[in-house]
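The data block below is final23.cif; it holds mmCIF, C-alpha atoms and all ligand atoms.
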data_run
loop_
_atom_site.label_atom_id
_atom_site.label_comp_id
_atom_site.auth_asym_id
_atom_site.auth_seq_id
_atom_site.Cartn_x
_atom_site.Cartn_y
_atom_site.Cartn_z
CA MET A 1 0.00 0.00 0.00
CA SER A 2 1.26 3.45 -0.87
CA THR A 3 0.08 7.02 -0.49
CA ALA A 4 0.58 9.88 -2.93
CA THR A 5 -0.38 13.51 -2.58
CA PHE A 6 -1.34 15.81 -5.43
CA THR A 7 -2.53 19.38 -5.78
CA VAL A 8 -5.86 19.99 -7.49
CA THR A 9 -6.87 23.41 -8.79
CA GLY A 10 -10.36 24.75 -9.43
CA MET A 11 -12.28 23.28 -6.48
CA THR A 12 -14.51 25.83 -4.74
CA CYS A 13 -16.95 23.92 -2.55
CA GLY A 14 -17.96 20.62 -1.00
CA HIS A 15 -19.59 19.49 -4.20
CA CYS A 16 -16.30 19.86 -6.05
CA VAL A 17 -14.64 17.74 -3.35
CA SER A 18 -17.29 15.03 -3.76
CA SER A 19 -16.87 15.00 -7.55
CA VAL A 20 -13.10 14.61 -7.33
CA LYS A 21 -13.38 11.89 -4.66
CA GLU A 22 -15.91 9.97 -6.74
CA GLU A 23 -13.87 10.02 -9.95
CA VAL A 24 -10.50 9.29 -8.34
CA SER A 25 -12.02 6.43 -6.31
CA GLU A 26 -12.82 4.71 -9.61
CA VAL A 27 -9.18 4.56 -10.73
CA ALA A 28 -7.81 1.01 -10.66
CA GLY A 29 -5.83 0.21 -7.52
CA VAL A 30 -7.10 3.17 -5.51
CA THR A 31 -8.21 2.15 -2.03
CA GLY A 32 -8.80 5.54 -0.41
CA VAL A 33 -9.18 9.20 -1.37
CA GLU A 34 -9.02 12.29 0.81
CA VAL A 35 -9.48 15.84 -0.47
CA ASP A 36 -8.79 19.02 1.47
CA LEU A 37 -10.72 21.89 -0.06
CA ALA A 38 -8.79 24.72 1.60
CA SER A 39 -5.36 23.55 0.42
CA GLY A 40 -6.49 21.70 -2.72
CA LEU A 41 -4.56 18.65 -1.57
CA LEU A 42 -5.64 15.28 -2.91
CA THR A 43 -4.33 12.27 -0.98
CA VAL A 44 -4.64 8.92 -2.69
CA ASP A 45 -4.05 5.53 -1.05
CA SER A 46 -3.42 2.64 -3.41
CA ASP A 47 -2.52 -1.01 -3.23
CA GLY A 48 0.24 -0.61 -5.83
CA PRO A 49 2.19 2.02 -7.76
CA LEU A 50 -0.11 4.82 -8.90
CA ASP A 51 -0.31 5.95 -12.50
CA GLU A 52 -0.31 9.74 -12.19
CA ALA A 53 -1.74 10.08 -15.71
CA LYS A 54 -4.81 8.11 -14.62
CA ILE A 55 -5.26 10.30 -11.56
CA ALA A 56 -4.94 13.40 -13.75
CA ALA A 57 -7.53 12.00 -16.17
CA ALA A 58 -9.94 11.26 -13.32
CA VAL A 59 -9.53 14.77 -11.88
CA GLU A 60 -10.12 16.25 -15.34
CA GLU A 61 -13.18 14.02 -15.76
CA ALA A 62 -14.57 15.62 -12.61
CA GLY A 63 -13.95 19.05 -14.14
CA TYR A 64 -10.76 20.16 -12.36
CA ALA A 65 -7.04 20.16 -13.02
CA LEU A 66 -4.15 18.35 -11.44
CA ALA A 67 -1.40 20.89 -10.75
CA GLY A 68 1.11 18.19 -9.93
CA GLN A 69 2.33 15.75 -7.34
CA SER A 70 3.39 17.21 -4.03
CU CU A 101 -18.02 23.09 -6.01
#
Would you mind writing the structure in this file as structure tokens?
Amino acid sequence: MSTATFTVTGMTCGHCVSSVKEEVSEVAGVTGVEVDLASGLLTVDSDGPLDEAKIAAAVEEAGYALAGQS
């Protein structure tokens, strides 16, 4: 199990947080997702190495942008 932290831009409210959580949760291997609205931090737990491109795609699917891994 590993944990990676990313920065997401564009989230403004709790609904945004829910959308990001929902999409990122669907990425293969992801076992847990936490989003902090104030800081824009996205914390992803996974049971194997994470494909950052897939996380970025999921965040974009929700309507936001991945600013990078932190
Ligand atoms: Cu919102």
Requested in this report: Grab the CA of Asp47 (chain A) to CA of Val27 (chain A) distance for me, in Å with one decimal place.
Outcome: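 Interatomic distance here is 11.5 Å.
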Query raised in the report: Do you know which residues are at most 6 Å from region 31-44 of chain A counting only C-alpha atoms, after dropping those on the same chain fewer than 2 positions away, and could you put them as a PyMOL selection string?
Result: chain A and resi 3-8+21+46
Write the residues of the preceding selection, restricted to C-alpha atoms, as a PDB file, keeping the file's coordinate frame.
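Result file selection-v6.pdb:
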ATOM      1  CA  THR A   3       0.080   7.020  -0.490  1.00  0.00           C
ATOM      2  CA  ALA A   4       0.580   9.880  -2.930  1.00  0.00           C
ATOM      3  CA  THR A   5      -0.380  13.510  -2.580  1.00  0.00           C
ATOM      4  CA  PHE A   6      -1.340  15.810  -5.430  1.00  0.00           C
ATOM      5  CA  THR A   7      -2.530  19.380  -5.780  1.00  0.00           C
ATOM      6  CA  VAL A   8      -5.860  19.990  -7.490  1.00  0.00           C
ATOM      7  CA  LYS A  21     -13.380  11.890  -4.660  1.00  0.00           C
ATOM      8  CA  SER A  46      -3.420   2.640  -3.410  1.00  0.00           C
TER       9      SER A  46
END
**Report entry** All residues 7 Å or closer to region 58-64 of chain A, all atoms listed in the file, same chain fewer than 4 positions away omitted, as a ChimeraX atom specification
**Finding:** /A:8-11,19-20,23-24,54
Which residues of chain A sit at most 7 Å from ligand CU 101 (chain A), using only C-alpha atoms and all ligand atoms? Give each one's shortest atom pair and distance in Å (one decimal place), in chain and ascending residue order, as a Markdown table.
| residue | atom | partner | partner_atom | distance |
| --- | --- | --- | --- | --- |
| A:Met11 | CA | A:CU101 | CU | 5.8 |
| A:Thr12 | CA | A:CU101 | CU | 4.6 |
| A:Cys13 | CA | A:CU101 | CU | 3.7 |
| A:Gly14 | CA | A:CU101 | CU | 5.6 |
| A:His15 | CA | A:CU101 | CU | 4.3 |
| A:Cys16 | CA | A:CU101 | CU | 3.7 |
| A:Val17 | CA | A:CU101 | CU | 6.9 |
Listed atoms of region 35-48 of chain A boxed along x, y and z, 4 Å each side, centre and edge lengths in Å, one decimal, as JSON:
{"center_x": -5.2, "center_y": 11.9, "center_z": -2.1, "size_x": 19.0, "size_y": 33.7, "size_z": 15.4}
Query raised in the report: To one decimal place, how far is CA of Ala67 (chain A) from CA of Ser25 (chain A) in Å?
Result: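 Atom-to-atom, CA of Ala67 (chain A) and CA of Ser25 (chain A) are spaced 18.5 Å apart.
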Report task. Could you tell me how far CA of Leu50 (chain A) lies from CA of Ala28 (chain A), in Å and to one decimal? Result ->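 About the pair CA of Leu50 (chain A) and CA of Ala28 (chain A): they are 8.8 Å apart.
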Model the absent atoms of region 7-37 of chain A so that N, CA and C atoms are present, and write the result as a JSON list (two decimals), in the frame of the given file.
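Contents of out_32.json, freshly written:
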[["chain", "number", "residue", "atom", "x", "y", "z"],
["A", 7, "THR", "N", -1.82, 18.12, -5.94],
["A", 7, "THR", "CA", -2.53, 19.38, -5.78],
["A", 7, "THR", "C", -3.54, 19.52, -6.91],
["A", 8, "VAL", "N", -4.78, 19.81, -6.52],
["A", 8, "VAL", "CA", -5.86, 19.99, -7.49],
["A", 8, "VAL", "C", -6.26, 21.46, -7.51],
["A", 9, "THR", "N", -6.42, 22.02, -8.70],
["A", 9, "THR", "CA", -6.87, 23.41, -8.79],
["A", 9, "THR", "C", -8.29, 23.47, -9.31],
["A", 10, "GLY", "N", -9.02, 24.49, -8.90],
["A", 10, "GLY", "CA", -10.36, 24.75, -9.43],
["A", 10, "GLY", "C", -11.50, 24.36, -8.51],
["A", 11, "MET", "N", -11.19, 23.69, -7.39],
["A", 11, "MET", "CA", -12.28, 23.28, -6.48],
["A", 11, "MET", "C", -12.71, 24.47, -5.62],
["A", 12, "THR", "N", -14.02, 24.68, -5.51],
["A", 12, "THR", "CA", -14.51, 25.83, -4.74],
["A", 12, "THR", "C", -15.46, 25.47, -3.61],
["A", 13, "CYS", "N", -15.98, 24.25, -3.59],
["A", 13, "CYS", "CA", -16.95, 23.92, -2.55],
["A", 13, "CYS", "C", -16.99, 22.42, -2.28],
["A", 14, "GLY", "N", -17.85, 22.02, -1.36],
["A", 14, "GLY", "CA", -17.96, 20.62, -1.00],
["A", 14, "GLY", "C", -18.39, 19.72, -2.14],
["A", 15, "HIS", "N", -19.16, 20.29, -3.05],
["A", 15, "HIS", "CA", -19.59, 19.49, -4.20],
["A", 15, "HIS", "C", -18.41, 19.14, -5.09],
["A", 16, "CYS", "N", -17.52, 20.10, -5.26],
["A", 16, "CYS", "CA", -16.30, 19.86, -6.05],
["A", 16, "CYS", "C", -15.50, 18.72, -5.41],
["A", 17, "VAL", "N", -15.38, 18.76, -4.09],
["A", 17, "VAL", "CA", -14.64, 17.74, -3.35],
["A", 17, "VAL", "C", -15.26, 16.37, -3.61],
["A", 18, "SER", "N", -16.59, 16.30, -3.54],
["A", 18, "SER", "CA", -17.29, 15.03, -3.76],
["A", 18, "SER", "C", -17.05, 14.51, -5.17],
["A", 19, "SER", "N", -17.07, 15.41, -6.16],
["A", 19, "SER", "CA", -16.87, 15.00, -7.55],
["A", 19, "SER", "C", -15.48, 14.41, -7.74],
["A", 20, "VAL", "N", -14.48, 15.08, -7.19],
["A", 20, "VAL", "CA", -13.10, 14.61, -7.33],
["A", 20, "VAL", "C", -12.94, 13.25, -6.63],
["A", 21, "LYS", "N", -13.48, 13.15, -5.41],
["A", 21, "LYS", "CA", -13.38, 11.89, -4.66],
["A", 21, "LYS", "C", -14.00, 10.74, -5.44],
["A", 22, "GLU", "N", -15.19, 11.00, -6.02],
["A", 22, "GLU", "CA", -15.91, 9.97, -6.74],
["A", 22, "GLU", "C", -15.11, 9.47, -7.94],
["A", 23, "GLU", "N", -14.60, 10.41, -8.74],
["A", 23, "GLU", "CA", -13.87, 10.02, -9.95],
["A", 23, "GLU", "C", -12.55, 9.32, -9.62],
["A", 24, "VAL", "N", -11.81, 9.87, -8.66],
["A", 24, "VAL", "CA", -10.50, 9.29, -8.34],
["A", 24, "VAL", "C", -10.67, 7.91, -7.69],
["A", 25, "SER", "N", -11.76, 7.72, -6.94],
["A", 25, "SER", "CA", -12.02, 6.43, -6.31],
["A", 25, "SER", "C", -12.17, 5.32, -7.34],
["A", 26, "GLU", "N", -12.57, 5.70, -8.57],
["A", 26, "GLU", "CA", -12.82, 4.71, -9.61],
["A", 26, "GLU", "C", -11.56, 4.26, -10.34],
["A", 27, "VAL", "N", -10.43, 4.95, -10.07],
["A", 27, "VAL", "CA", -9.18, 4.56, -10.73],
["A", 27, "VAL", "C", -8.71, 3.22, -10.18],
["A", 28, "ALA", "N", -8.26, 2.34, -11.06],
["A", 28, "ALA", "CA", -7.81, 1.01, -10.66],
["A", 28, "ALA", "C", -6.72, 1.07, -9.61],
["A", 29, "GLY", "N", -6.86, 0.30, -8.56],
["A", 29, "GLY", "CA", -5.83, 0.21, -7.52],
["A", 29, "GLY", "C", -6.02, 1.18, -6.38],
["A", 30, "VAL", "N", -6.90, 2.16, -6.56],
["A", 30, "VAL", "CA", -7.10, 3.17, -5.51],
["A", 30, "VAL", "C", -7.97, 2.59, -4.40],
["A", 31, "THR", "N", -7.47, 2.72, -3.17],
["A", 31, "THR", "CA", -8.21, 2.15, -2.03],
["A", 31, "THR", "C", -8.76, 3.23, -1.10],
["A", 32, "GLY", "N", -8.30, 4.47, -1.27],
["A", 32, "GLY", "CA", -8.80, 5.54, -0.41],
["A", 32, "GLY", "C", -8.47, 6.90, -1.00],
["A", 33, "VAL", "N", -9.39, 7.85, -0.83],
["A", 33, "VAL", "CA", -9.18, 9.20, -1.37],
["A", 33, "VAL", "C", -9.58, 10.22, -0.32],
["A", 34, "GLU", "N", -8.68, 11.18, -0.08],
["A", 34, "GLU", "CA", -9.02, 12.29, 0.81],
["A", 34, "GLU", "C", -8.75, 13.58, 0.05],
["A", 35, "VAL", "N", -9.66, 14.54, 0.20],
["A", 35, "VAL", "CA", -9.48, 15.84, -0.47],
["A", 35, "VAL", "C", -9.64, 16.94, 0.56],
["A", 36, "ASP", "N", -8.68, 17.86, 0.58],
["A", 36, "ASP", "CA", -8.79, 19.02, 1.47],
["A", 36, "ASP", "C", -9.08, 20.24, 0.60],
["A", 37, "LEU", "N", -10.27, 20.78, 0.78],
["A", 37, "LEU", "CA", -10.72, 21.89, -0.06],
["A", 37, "LEU", "C", -9.84, 23.13, 0.10]]
